[in-house]
Each structure stands twice: as structure tokens, then as C-alpha cells.
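Okay, query10.cif is below, mmCIF, C-alpha atoms:
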```cif
data_structure
loop_
_atom_site.group_PDB
_atom_site.id
_atom_site.type_symbol
_atom_site.label_atom_id
_atom_site.label_comp_id
_atom_site.auth_asym_id
_atom_site.auth_seq_id
_atom_site.Cartn_x
_atom_site.Cartn_y
_atom_site.Cartn_z
ATOM 1 C CA MET A 1 20.249 -3.276 -6.617
ATOM 2 C CA SER A 2 17.713 -4.271 -9.253
ATOM 3 C CA TYR A 3 14.012 -4.711 -9.820
ATOM 4 C CA GLU A 4 11.787 -6.472 -12.317
ATOM 5 C CA ILE A 5 8.093 -5.940 -13.006
ATOM 6 C CA PHE A 6 5.555 -8.172 -14.725
ATOM 7 C CA GLN A 7 2.231 -7.454 -16.440
ATOM 8 C CA ALA A 8 0.190 -10.388 -15.174
ATOM 9 C CA ASP A 9 -2.490 -11.558 -12.779
ATOM 10 C CA CYS A 10 -0.627 -11.992 -9.488
ATOM 11 C CA PHE A 11 -2.502 -15.237 -8.737
ATOM 12 C CA ASP A 12 -1.244 -16.762 -11.994
ATOM 13 C CA TRP A 13 2.230 -15.314 -11.433
ATOM 14 C CA LEU A 14 2.466 -16.704 -7.892
ATOM 15 C CA ARG A 15 1.540 -20.194 -9.071
ATOM 16 C CA GLU A 16 4.661 -20.172 -11.253
ATOM 17 C CA ARG A 17 6.951 -18.615 -8.642
ATOM 18 C CA GLN A 18 9.692 -20.748 -7.131
ATOM 19 C CA PRO A 19 8.886 -21.703 -3.508
ATOM 20 C CA ASN A 20 10.698 -19.870 -0.696
ATOM 21 C CA SER A 21 12.042 -17.230 -3.119
ATOM 22 C CA VAL A 22 10.532 -14.028 -1.676
ATOM 23 C CA GLN A 23 11.584 -12.577 1.671
ATOM 24 C CA ALA A 24 9.006 -9.785 2.125
ATOM 25 C CA VAL A 25 5.887 -8.163 0.668
ATOM 26 C CA LEU A 26 4.998 -4.458 0.637
ATOM 27 C CA THR A 27 1.707 -3.728 -1.087
ATOM 28 C CA ASP A 28 -1.548 -1.779 -1.268
ATOM 29 C CA PRO A 29 -4.212 -4.246 -2.488
ATOM 30 C CA PRO A 30 -7.332 -3.216 -4.423
ATOM 31 C CA TYR A 31 -9.668 -3.242 -1.433
ATOM 32 C CA GLY A 32 -12.340 -1.499 -3.448
ATOM 33 C CA LEU A 33 -12.677 -4.589 -5.588
ATOM 34 C CA ILE A 34 -15.682 -2.983 -7.253
ATOM 35 C CA GLU A 35 -13.778 0.221 -8.038
ATOM 36 C CA PHE A 36 -10.816 -1.600 -9.559
ATOM 37 C CA SER A 37 -12.936 -3.878 -11.732
ATOM 38 C CA HIS A 38 -12.646 -3.379 -15.494
ATOM 39 C CA LYS A 39 -16.174 -1.947 -15.599
ATOM 40 C CA GLU A 40 -15.556 0.755 -12.983
ATOM 41 C CA LEU A 41 -12.053 1.650 -14.180
ATOM 42 C CA THR A 42 -13.559 2.210 -17.624
ATOM 43 C CA LYS A 43 -16.035 4.669 -16.078
ATOM 44 C CA LEU A 44 -13.248 6.493 -14.239
ATOM 45 C CA ARG A 45 -11.084 6.697 -17.337
ATOM 46 C CA SER A 46 -13.957 8.114 -19.353
ATOM 47 C CA GLY A 47 -14.443 10.851 -16.750
ATOM 48 C CA LYS A 48 -17.660 9.298 -15.409
ATOM 49 C CA GLY A 49 -16.864 8.298 -11.855
ATOM 50 C CA GLY A 50 -19.205 5.360 -11.359
ATOM 51 C CA VAL A 51 -18.665 4.171 -7.794
ATOM 52 C CA TRP A 52 -15.477 6.223 -7.595
ATOM 53 C CA ARG A 53 -16.004 9.379 -5.561
ATOM 54 C CA LEU A 54 -14.844 12.580 -7.246
ATOM 55 C CA PRO A 55 -14.861 15.080 -4.354
ATOM 56 C CA PRO A 56 -15.722 18.748 -4.853
ATOM 57 C CA THR A 57 -13.316 21.634 -4.478
ATOM 58 C CA ILE A 58 -12.599 22.424 -0.822
ATOM 59 C CA GLY A 59 -10.676 25.528 0.179
ATOM 60 C CA GLY A 60 -9.635 26.059 -3.408
ATOM 61 C CA ASN A 61 -8.115 22.570 -3.654
ATOM 62 C CA ARG A 62 -9.432 19.700 -5.768
ATOM 63 C CA ARG A 63 -9.258 16.304 -4.066
ATOM 64 C CA ASP A 64 -8.292 12.951 -5.513
ATOM 65 C CA PRO A 65 -10.717 10.331 -6.838
ATOM 66 C CA LEU A 66 -11.365 7.879 -3.985
ATOM 67 C CA PRO A 67 -12.999 4.465 -3.682
ATOM 68 C CA ARG A 68 -16.352 4.473 -1.891
ATOM 69 C CA PHE A 69 -15.696 1.718 0.613
ATOM 70 C CA THR A 70 -18.872 2.662 2.473
ATOM 71 C CA VAL A 71 -21.035 1.366 -0.397
ATOM 72 C CA LEU A 72 -19.805 -2.207 0.028
ATOM 73 C CA SER A 73 -22.640 -4.586 0.849
ATOM 74 C CA GLU A 74 -22.284 -7.394 3.378
ATOM 75 C CA LYS A 75 -21.830 -9.820 0.494
ATOM 76 C CA GLU A 76 -19.099 -7.660 -1.012
ATOM 77 C CA LYS A 77 -17.337 -7.448 2.355
ATOM 78 C CA GLN A 78 -17.469 -11.223 2.573
ATOM 79 C CA ASN A 79 -16.018 -11.397 -0.931
ATOM 80 C CA LEU A 80 -13.153 -9.155 0.170
ATOM 81 C CA ARG A 81 -12.343 -11.389 3.151
ATOM 82 C CA GLU A 82 -12.400 -14.448 0.883
ATOM 83 C CA TYR A 83 -10.273 -12.636 -1.704
ATOM 84 C CA MET A 84 -7.605 -11.896 0.907
ATOM 85 C CA ARG A 85 -7.750 -15.505 2.108
ATOM 86 C CA ASP A 86 -7.260 -16.788 -1.440
ATOM 87 C CA PHE A 87 -4.471 -14.265 -1.996
ATOM 88 C CA GLY A 88 -2.752 -15.405 1.181
ATOM 89 C CA LEU A 89 -3.019 -19.045 0.134
ATOM 90 C CA ALA A 90 -1.517 -18.242 -3.278
ATOM 91 C CA LEU A 91 1.263 -16.165 -1.729
ATOM 92 C CA MET A 92 2.283 -18.498 1.104
ATOM 93 C CA PRO A 93 4.419 -21.008 -0.903
ATOM 94 C CA ALA A 94 6.500 -18.262 -2.543
ATOM 95 C CA LEU A 95 7.587 -16.807 0.816
ATOM 96 C CA THR A 96 10.451 -17.976 2.962
ATOM 97 C CA PRO A 97 9.500 -18.993 6.515
ATOM 98 C CA GLY A 98 9.366 -15.882 8.695
ATOM 99 C CA ALA A 99 8.760 -13.522 5.772
ATOM 100 C CA HIS A 100 6.819 -10.385 6.718
ATOM 101 C CA LEU A 101 4.021 -8.704 4.760
ATOM 102 C CA CYS A 102 3.194 -5.033 5.207
ATOM 103 C CA VAL A 103 -0.220 -4.343 3.709
ATOM 104 C CA ALA A 104 -1.804 -0.912 3.390
ATOM 105 C CA GLY A 105 -5.217 -0.828 4.973
ATOM 106 C CA HIS A 106 -8.325 1.155 5.706
ATOM 107 C CA PRO A 107 -9.881 1.314 9.188
ATOM 108 C CA MET A 108 -13.242 0.107 7.857
ATOM 109 C CA LEU A 109 -11.736 -2.908 6.091
ATOM 110 C CA GLN A 110 -8.854 -3.875 8.375
ATOM 111 C CA TYR A 111 -10.736 -6.618 10.202
ATOM 112 C CA LEU A 112 -11.729 -8.281 6.932
ATOM 113 C CA VAL A 113 -8.168 -8.330 5.641
ATOM 114 C CA GLN A 114 -6.766 -9.687 8.896
ATOM 115 C CA ALA A 115 -9.438 -12.383 9.081
ATOM 116 C CA GLY A 116 -8.758 -13.511 5.513
ATOM 117 C CA MET A 117 -4.977 -13.583 5.939
ATOM 118 C CA ALA A 118 -5.282 -15.469 9.238
ATOM 119 C CA GLU A 119 -7.466 -18.074 7.526
ATOM 120 C CA ALA A 120 -4.668 -18.493 4.960
ATOM 121 C CA GLY A 121 -2.232 -19.352 7.766
ATOM 122 C CA PHE A 122 -0.477 -16.043 8.367
ATOM 123 C CA GLU A 123 0.272 -14.676 11.815
ATOM 124 C CA VAL A 124 -1.396 -11.307 12.461
ATOM 125 C CA ARG A 125 1.375 -9.063 13.824
ATOM 126 C CA GLY A 126 -0.497 -5.809 14.454
ATOM 127 C CA ALA A 127 0.013 -2.730 12.316
ATOM 128 C CA ILE A 128 2.243 0.260 11.711
ATOM 129 C CA MET A 129 0.156 3.408 11.745
ATOM 130 C CA ARG A 130 0.781 6.118 9.179
ATOM 131 C CA LEU A 131 -0.097 9.331 11.017
ATOM 132 C CA TYR A 132 -1.483 11.987 8.726
ATOM 133 C CA THR A 133 -4.561 14.146 8.406
ATOM 134 C CA SER A 134 -6.785 13.513 5.434
ATOM 135 C CA PHE A 135 -10.183 14.758 4.271
ATOM 136 C CA ARG A 136 -11.737 11.357 5.012
ATOM 137 C CA GLY A 137 -14.514 11.216 7.612
ATOM 138 C CA GLY A 138 -15.929 13.860 9.915
ATOM 139 C CA ASP A 139 -18.922 14.538 7.671
ATOM 140 C CA ARG A 140 -22.373 15.376 8.980
ATOM 141 C CA PRO A 141 -25.331 13.139 8.007
ATOM 142 C CA LYS A 142 -25.818 13.486 4.260
ATOM 143 C CA GLY A 143 -28.860 15.553 3.356
ATOM 144 C CA ALA A 144 -29.345 16.689 6.955
ATOM 145 C CA GLU A 145 -26.213 18.719 7.613
ATOM 146 C CA ARG A 146 -28.085 21.719 8.978
ATOM 147 C CA GLU A 147 -30.443 19.612 11.076
ATOM 148 C CA PHE A 148 -27.589 17.751 12.809
ATOM 149 C CA GLU A 149 -24.814 20.326 12.898
ATOM 150 C CA GLU A 150 -23.099 18.762 15.916
ATOM 151 C CA VAL A 151 -23.133 15.188 14.529
ATOM 152 C CA CYS A 152 -20.525 13.425 12.407
ATOM 153 C CA VAL A 153 -21.076 10.006 10.884
ATOM 154 C CA THR A 154 -17.454 8.869 11.321
ATOM 155 C CA PRO A 155 -14.407 10.471 12.985
ATOM 156 C CA ARG A 156 -12.100 12.582 10.854
ATOM 157 C CA SER A 157 -9.268 10.299 9.821
ATOM 158 C CA ALA A 158 -5.813 10.940 11.274
ATOM 159 C CA CYS A 159 -4.139 7.600 10.555
ATOM 160 C CA GLU A 160 -3.842 4.770 8.054
ATOM 161 C CA PRO A 161 -3.059 1.216 9.214
ATOM 162 C CA TRP A 162 -0.322 -0.723 7.427
ATOM 163 C CA MET A 163 -1.066 -4.222 8.652
ATOM 164 C CA LEU A 164 1.756 -6.616 9.448
ATOM 165 C CA PHE A 165 1.584 -10.354 8.822
ATOM 166 C CA ARG A 166 4.223 -13.046 9.041
ATOM 167 C CA LYS A 167 4.561 -16.481 7.515
ATOM 168 C CA PRO A 168 5.234 -18.747 10.503
ATOM 169 C CA ILE A 169 8.903 -19.433 11.154
ATOM 170 C CA SER A 170 10.077 -22.978 10.498
ATOM 171 C CA GLU A 171 12.895 -22.999 13.033
ATOM 172 C CA ARG A 172 12.709 -23.312 16.797
ATOM 173 C CA THR A 173 13.502 -19.626 17.419
ATOM 174 C CA VAL A 174 13.543 -16.361 15.484
ATOM 175 C CA ALA A 175 17.328 -16.273 15.844
ATOM 176 C CA GLU A 176 17.659 -19.669 14.174
ATOM 177 C CA ASN A 177 15.238 -18.600 11.440
ATOM 178 C CA LEU A 178 17.278 -15.444 10.831
ATOM 179 C CA ARG A 179 20.444 -17.514 10.508
ATOM 180 C CA ARG A 180 18.875 -19.906 8.009
ATOM 181 C CA PHE A 181 16.547 -17.670 5.964
ATOM 182 C CA GLY A 182 17.378 -14.069 6.936
ATOM 183 C CA THR A 183 13.746 -13.552 7.931
ATOM 184 C CA GLY A 184 11.551 -13.645 10.999
ATOM 185 C CA GLY A 185 12.055 -10.137 12.363
ATOM 186 C CA LEU A 186 12.027 -6.495 11.287
ATOM 187 C CA ARG A 187 15.016 -4.216 10.736
ATOM 188 C CA ARG A 188 15.528 -1.552 13.390
ATOM 189 C CA MET A 189 15.849 2.110 12.432
ATOM 190 C CA ALA A 190 19.283 1.948 14.090
ATOM 191 C CA LYS A 191 21.004 -0.360 16.571
ATOM 192 C CA ASP A 192 19.638 1.682 19.464
ATOM 193 C CA LYS A 193 16.302 2.600 17.837
ATOM 194 C CA PRO A 194 13.527 0.032 17.209
ATOM 195 C CA LEU A 195 11.051 0.435 14.385
ATOM 196 C CA PRO A 196 8.091 2.403 15.825
ATOM 197 C CA GLU A 197 4.476 1.414 15.313
ATOM 198 C CA ALA A 198 3.507 5.003 14.389
ATOM 199 C CA ILE A 199 5.166 6.999 11.604
ATOM 200 C CA PRO A 200 4.409 10.717 11.102
ATOM 201 C CA SER A 201 3.580 11.256 7.457
ATOM 202 C CA SER A 202 2.046 13.729 5.035
ATOM 203 C CA ARG A 203 -0.009 13.717 1.887
ATOM 204 C CA THR A 204 1.914 12.532 -1.134
ATOM 205 C CA PRO A 205 4.040 15.512 -2.252
ATOM 206 C CA ASP A 206 3.378 17.315 -5.516
ATOM 207 C CA LEU A 207 6.842 16.302 -6.670
ATOM 208 C CA GLU A 208 5.767 12.659 -6.622
ATOM 209 C CA SER A 209 2.234 13.230 -7.901
ATOM 210 C CA ALA A 210 3.759 14.948 -10.937
ATOM 211 C CA ILE A 211 5.540 11.676 -11.715
ATOM 212 C CA SER A 212 2.663 9.283 -11.098
ATOM 213 C CA ALA A 213 -1.025 10.094 -11.478
ATOM 214 C CA HIS A 214 -2.181 6.874 -9.814
ATOM 215 C CA PRO A 215 -5.129 7.606 -7.460
ATOM 216 C CA CYS A 216 -3.592 5.593 -4.578
ATOM 217 C CA LEU A 217 -0.010 6.892 -4.729
ATOM 218 C CA LYS A 218 1.702 6.702 -1.310
ATOM 219 C CA PRO A 219 4.646 8.942 -0.283
ATOM 220 C CA GLN A 220 8.197 7.706 -0.755
ATOM 221 C CA HIS A 221 9.274 8.755 2.742
ATOM 222 C CA LEU A 222 6.803 6.325 4.309
ATOM 223 C CA LEU A 223 7.389 3.512 1.827
ATOM 224 C CA ARG A 224 11.160 3.659 2.197
ATOM 225 C CA ILE A 225 10.899 3.272 5.976
ATOM 226 C CA LEU A 226 8.585 0.293 5.551
ATOM 227 C CA ALA A 227 10.630 -1.306 2.757
ATOM 228 C CA ARG A 228 13.852 -1.010 4.717
ATOM 229 C CA ALA A 229 12.254 -2.567 7.807
ATOM 230 C CA LEU A 230 10.935 -5.643 6.016
ATOM 231 C CA LEU A 231 14.339 -7.244 5.369
ATOM 232 C CA PRO A 232 15.835 -7.605 8.860
ATOM 233 C CA LEU A 233 19.369 -8.353 7.634
ATOM 234 C CA GLY A 234 19.163 -6.022 4.629
ATOM 235 C CA GLU A 235 19.163 -8.950 2.192
ATOM 236 C CA GLY A 236 16.484 -10.560 0.072
ATOM 237 C CA VAL A 237 13.682 -9.700 -2.348
ATOM 238 C CA ILE A 238 10.628 -7.523 -1.720
ATOM 239 C CA LEU A 239 7.495 -8.243 -3.757
ATOM 240 C CA ASP A 240 4.578 -5.961 -4.566
ATOM 241 C CA PRO A 241 1.925 -8.215 -6.136
ATOM 242 C CA PHE A 242 -0.424 -5.232 -6.703
ATOM 243 C CA LEU A 243 2.101 -2.882 -8.289
ATOM 244 C CA GLY A 244 -0.234 0.022 -9.120
ATOM 245 C CA SER A 245 1.884 3.161 -9.287
ATOM 246 C CA GLY A 246 5.136 1.263 -8.736
ATOM 247 C CA SER A 247 5.912 3.315 -5.635
ATOM 248 C CA SER A 248 6.711 0.308 -3.417
ATOM 249 C CA VAL A 249 9.205 -1.065 -5.920
ATOM 250 C CA ALA A 250 10.675 2.430 -6.292
ATOM 251 C CA ALA A 251 11.095 2.632 -2.507
ATOM 252 C CA ALA A 252 12.858 -0.738 -2.387
ATOM 253 C CA GLU A 253 15.140 0.367 -5.215
ATOM 254 C CA ALA A 254 15.968 3.617 -3.396
ATOM 255 C CA VAL A 255 16.787 1.725 -0.202
ATOM 256 C CA GLY A 256 19.074 -0.649 -2.102
ATOM 257 C CA TYR A 257 16.968 -3.816 -2.125
ATOM 258 C CA ASN A 258 16.012 -6.177 -4.917
ATOM 259 C CA ALA A 259 12.309 -5.985 -5.783
ATOM 260 C CA LEU A 260 9.608 -7.575 -7.923
ATOM 261 C CA GLY A 261 6.271 -6.109 -8.976
ATOM 262 C CA VAL A 262 3.183 -7.591 -10.615
ATOM 263 C CA GLU A 263 0.344 -5.556 -12.122
ATOM 264 C CA LEU A 264 -2.752 -6.787 -13.951
ATOM 265 C CA ASP A 265 -3.920 -3.502 -15.514
ATOM 266 C CA GLN A 266 -2.023 -2.585 -18.683
ATOM 267 C CA ALA A 267 -2.368 1.183 -18.243
ATOM 268 C CA TYR A 268 -1.087 1.100 -14.667
ATOM 269 C CA PHE A 269 1.756 -1.230 -15.691
ATOM 270 C CA ASP A 270 2.880 1.042 -18.540
ATOM 271 C CA ALA A 271 2.761 4.091 -16.268
ATOM 272 C CA ALA A 272 4.687 2.295 -13.503
ATOM 273 C CA LYS A 273 7.495 1.416 -15.923
ATOM 274 C CA GLN A 274 8.081 5.121 -16.443
ATOM 275 C CA ALA A 275 7.467 6.185 -12.840
ATOM 276 C CA ILE A 276 9.626 3.719 -10.889
ATOM 277 C CA PRO A 277 13.094 5.021 -11.839
ATOM 278 C CA ARG A 278 11.958 8.626 -11.426
ATOM 279 C CA LEU A 279 10.426 8.035 -7.988
ATOM 280 C CA ALA A 280 13.469 6.042 -6.877
ATOM 281 C CA SER A 281 15.805 8.880 -7.834
ATOM 282 C CA LEU A 282 14.038 11.418 -5.604
ATOM 283 C CA TYR A 283 15.517 12.537 -2.272
ATOM 284 C CA PRO A 284 19.064 11.136 -2.452
ATOM 285 C CA GLY A 285 20.091 9.980 0.991
ATOM 286 C CA CYS A 286 16.509 9.278 2.102
ATOM 287 C CA ILE A 287 16.812 5.507 2.558
ATOM 288 C CA GLY A 288 14.300 4.793 5.304
ATOM 289 C CA GLU A 289 16.593 5.298 8.292
ATOM 290 C CA SER A 290 14.911 8.419 9.660
ATOM 291 C CA LEU A 291 11.394 9.401 10.651
ATOM 292 C CA GLU A 292 12.180 12.976 9.652
ATOM 293 C CA PRO A 293 11.298 13.517 5.987
ATOM 294 C CA SER A 294 13.370 15.733 3.751
ATOM 295 C CA LEU A 295 11.963 19.208 3.179
ATOM 296 C CA ALA A 296 10.968 18.244 -0.350
ATOM 297 C CA ALA A 297 9.230 15.057 0.761
ATOM 298 C CA ALA A 298 7.418 16.833 3.578
ATOM 299 C CA SER A 299 5.804 19.525 1.460
ATOM 300 C CA PRO A 300 2.090 18.635 1.359
ATOM 301 C CA ALA A 301 0.155 19.436 -1.768
ATOM 302 C CA PRO A 302 -3.072 17.910 -3.020
ATOM 303 C CA ALA A 303 -2.921 15.851 -6.173
ATOM 304 C CA ASN A 304 -4.626 17.070 -9.310
ATOM 305 C CA PRO A 305 -7.589 14.910 -10.394
ATOM 306 C CA THR A 306 -7.327 16.283 -13.920
ATOM 307 C CA ALA A 307 -3.788 14.959 -14.185
ATOM 308 C CA GLN A 308 -4.888 11.653 -12.672
ATOM 309 C CA LEU A 309 -7.643 11.173 -15.208
ATOM 310 C CA LYS A 310 -5.097 11.559 -18.018
ATOM 311 C CA LEU A 311 -3.534 8.303 -16.811
ATOM 312 C CA PHE A 312 -6.853 6.546 -17.328
ATOM 313 C CA ALA A 313 -7.473 7.903 -20.841
#
```

Written form, C-alpha cells:
Amino acid sequence: MSYEIFQADCFDWLRERQPNSVQAVLTDPPYGLIEFSHKELTKLRSGKGGVWRLPPTIGGNRRDPLPRFTVLSEKEKQNLREYMRDFGLALMPALTPGAHLCVAGHPMLQYLVQAGMAEAGFEVRGAIMRLYTSFRGGDRPKGAEREFEEVCVTPRSACEPWMLFRKPISERTVAENLRRFGTGGLRRMAKDKPLPEAIPSSRTPDLESAISAHPCLKPQHLLRILARALLPLGEGVILDPFLGSGSSVAAAEAVGYNALGVELDQAYFDAAKQAIPRLASLYPGCIGESLEPSLAAASPAPANPTAQLKLFA
């Protein structure tokens, strides 16, 4: 199959897109809208984190730069909900009726994203949970760790929601919509095995982090399962309007689907051009049909912040 990527603002790009020409969306939006602003990316690329959190060494391992979602004010949260509403409104015409979106989320922001997408006219269809243990959460009250040794501010994270949305079908039934547009449902893992709502996962393997230094790189094993599921008849085009590392487009390419990607940031776009074919070529035979990752894909290893910062230079 084939893919094409564009260096553009996805809102502008979507306005020019032919109606009913995209059958699915797989994406990880810039929820930390502050962090991904030009001002804060400039700080990160200069090695001065700004609102990006550069965690300390833990157990001999350096952790990735992470957005500080907890610093969002009520106004900024409202802006995020409105941003997702406006994104949904811009996206809606380009999608065929019954097209599914799978959108990476964060437990603290999930309700805002769902509210915004619902306001844009999308059906909220639950979420697929990525099950993995991260360093997020579980911390004691800052500055009073010894005083409150048995208190944590938030639970230690063990999952990541990938929210599902659907453009309403135009036909009387899903079956009729599938016949006309090829959309409206999700592809099963096999004829006798439905797509589960929980997928065991791991941290992004070193093998992939060596290819892409993007701070939000997701593992190919997970993305290939999701990409495969989004086209119920195995036909159509998957769009990632927030291309970032290019990993979603790489997953679609590996599965054998056509894909499109749009990225605003020039540095991310240039890096994705190089990363997509390399990520897609990993793990031959891993095409999203199994929950069991290959040994290579399953090997957890923390990413290297030093290598990541080189991308931002």
C-alpha cells in the first residue's frame, strides 16, 4: 500500500480535503497545547524545559520529557475542549459516514476530549485501554514526602485510554453502511475473536526509540492492532492529522493500508519522513492480528532524553 504526508496545519488541510474521502483516523493530538506551542517547543529544543517536565534519573534510567498536564488552568482546560470541538467540526466533512476515530488520551483529559468531540457531532464509543505500567502518578505530596509517607496524590498509572469516536452512519443499519461505505464497525482480530477493549502493551522498545526521538512515540505493536481494527473491511484510508513521529502512518503501512499524515512542525515533519519507512519495516509478520507482541517489540527499555533533545536542536 502507500502513504503520503503533508507539512501543513491540519485545520487548513482539512478545509481543502475532498468530502467523504477518509475512512478512519488514528492519532495522538497535542493535548498539552501549551507544551506544543512554538514558545515551549523552543525551550525544549534549547535544553531548557519550560513547562515540559524533564524527570530525574530513577533506578539508573533517565525518563522521557513529558507534558505537565497538571499545570493546566481551568481556562486552559476549557480551551482544550473547544480545540477538540473545532477539530471535530473541521474533520467531520472529510470522513465517510460511519468512519471511526481512535484518539490517544490521558485519564485527566479524557472527559474534555470526549465532550468536545461530542459537541462536534461525533458518537462517543468508549475506549480501548492500553495496559502498561508507567512512571506516571503514585507520587507523595510534593515538598511533604516524609510527612505524608502513606499518601499519594494520584494512583500509579497502569493504562492509557485510546478513545473511540464514530461519525454517525447515514444508512438505516450498520450492515447497509458497510455495504455502501465500508465503514461503521471495527475489524475483528479474527473471525472468532472480537477486538478487545484492553490491549497488553509495553513501553516503546529501544529499537523504535532509536529510529524516532519524538517524546510521544507509541509502540508499533499497539498501533498496528489499532490501525488494522479501524478499517472493518480492510479497505480505505487512515489519516493521522497530528503526525508527530509518524508512527501511526508507519503502522498503517505495515498492516497494508493506505494512509495520510499531516504535521505542522517542520522539525517533526522532517524526522517523520525518515522514520516512517524504518518503523514500518520492523517486525515482519506483525500486522495487528495478535495481542502477543514479538520478542523484539516486547523488550521494554526507557528512551534516552539526550537522543530526544537532538531532534529538537

Name the residues that the PyMOL selection byres ((chain A and resi 208) around 10) pulls out of this structure, and write them as a compact mmCIF listing (two decimals) with C-alpha atoms, in the frame of the given file.
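Output saved as result_22.txt:
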```txt
# COMPACT_ATOMS: atom_id res chain seq x y z
CA THR A 204 1.91 12.53 -1.13
CA PRO A 205 4.04 15.51 -2.25
CA ASP A 206 3.38 17.32 -5.52
CA LEU A 207 6.84 16.30 -6.67
CA SER A 209 2.23 13.23 -7.90
CA ALA A 210 3.76 14.95 -10.94
CA ILE A 211 5.54 11.68 -11.72
CA SER A 212 2.66 9.28 -11.10
CA ALA A 213 -1.02 10.09 -11.48
CA LEU A 217 -0.01 6.89 -4.73
CA LYS A 218 1.70 6.70 -1.31
CA PRO A 219 4.65 8.94 -0.28
CA GLN A 220 8.20 7.71 -0.76
CA SER A 247 5.91 3.32 -5.64
CA ALA A 275 7.47 6.18 -12.84
CA ARG A 278 11.96 8.63 -11.43
CA LEU A 279 10.43 8.04 -7.99
CA LEU A 282 14.04 11.42 -5.60
CA ALA A 296 10.97 18.24 -0.35
CA ALA A 297 9.23 15.06 0.76
CA ALA A 303 -2.92 15.85 -6.17
```

Note to self: Could you tell me, as a list in words, exactly which residues end up selected when the PyMOL selection byres ((chain A and resi 185-197) around 6) is applied to this structure?
What the structure shows: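 On the file shown, the PyMOL selection byres ((chain A and resi 185-197) around 6) covers Ile128, Met129, Thr183, Gly184, Ala198, Ala229, Leu230, Pro232 and Glu289 of chain A.
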
Item checked: Selected residue of minimal separation from A:Pro215 among A:Pro30, A:Arg228, A:Glu171, A:Pro277, counting only C-alpha atoms ->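 The closest residue to A:Pro215 is A:Pro30.
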
Check: Any idea what's packed within 9 Å of A:Ser134, counting all atoms listed in the file, ignoring anything in its chain fewer than 6 positions away? Could you give it as a count of residues only?
Finding: 6

Notebook entry, point to check: If you measure from atom CA of A:Leu95 to atom CA of A:Gln110, what distance in Å do you get, rounded to one decimal?
Noted result: 22.2 Å

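Reported to one decimal place, the separation of atom CA of A:Leu243 from atom CA of A:Asp270 is 11.0 Å.
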
Note to self: If I take atom CA of A:Ser281 and atom CA of A:Ala250, how far is one from the other in Å, to one decimal?
What the structure shows: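 Rounded to one decimal, the two atoms are 8.4 Å apart.
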
Can you report as AutoDock Vina command-line options the centre and edge lengths in Å, to one decimal, of an axis-aligned box around the listed atoms of stretch 132-146 of chain A padded with 8 Å on each side?
```
--center_x -15.4 --center_y 16.5 --center_z 6.6 --size_x 43.9 --size_y 26.5 --size_z 22.6
```

Hits from the PyMOL selection byres ((chain A and resi 124) around 8), listed as a PDB file with C-alpha atoms, keeping the file's coordinate frame:
```pdb
ATOM      1  CA  GLN A 114      -6.766  -9.687   8.896  1.00  0.00           C
ATOM      2  CA  MET A 117      -4.977 -13.583   5.939  1.00  0.00           C
ATOM      3  CA  ALA A 118      -5.282 -15.469   9.238  1.00  0.00           C
ATOM      4  CA  PHE A 122      -0.477 -16.043   8.367  1.00  0.00           C
ATOM      5  CA  GLU A 123       0.272 -14.676  11.815  1.00  0.00           C
ATOM      6  CA  ARG A 125       1.375  -9.063  13.824  1.00  0.00           C
ATOM      7  CA  GLY A 126      -0.497  -5.809  14.454  1.00  0.00           C
ATOM      8  CA  LEU A 164       1.756  -6.616   9.448  1.00  0.00           C
ATOM      9  CA  PHE A 165       1.584 -10.354   8.822  1.00  0.00           C
ATOM     10  CA  ARG A 166       4.223 -13.046   9.041  1.00  0.00           C
TER      11      ARG A 166
END
```

Notebook entry, point to check: Any idea what's packed within 12 Å of A:Thr96, counting all atoms listed in the file, ignoring anything in its chain fewer than 2 positions away? Could you give it as a ChimeraX atom specification?
Noted result: /A:18-25,91-94,98-101,166-171,177-178,180-184,231,236-238
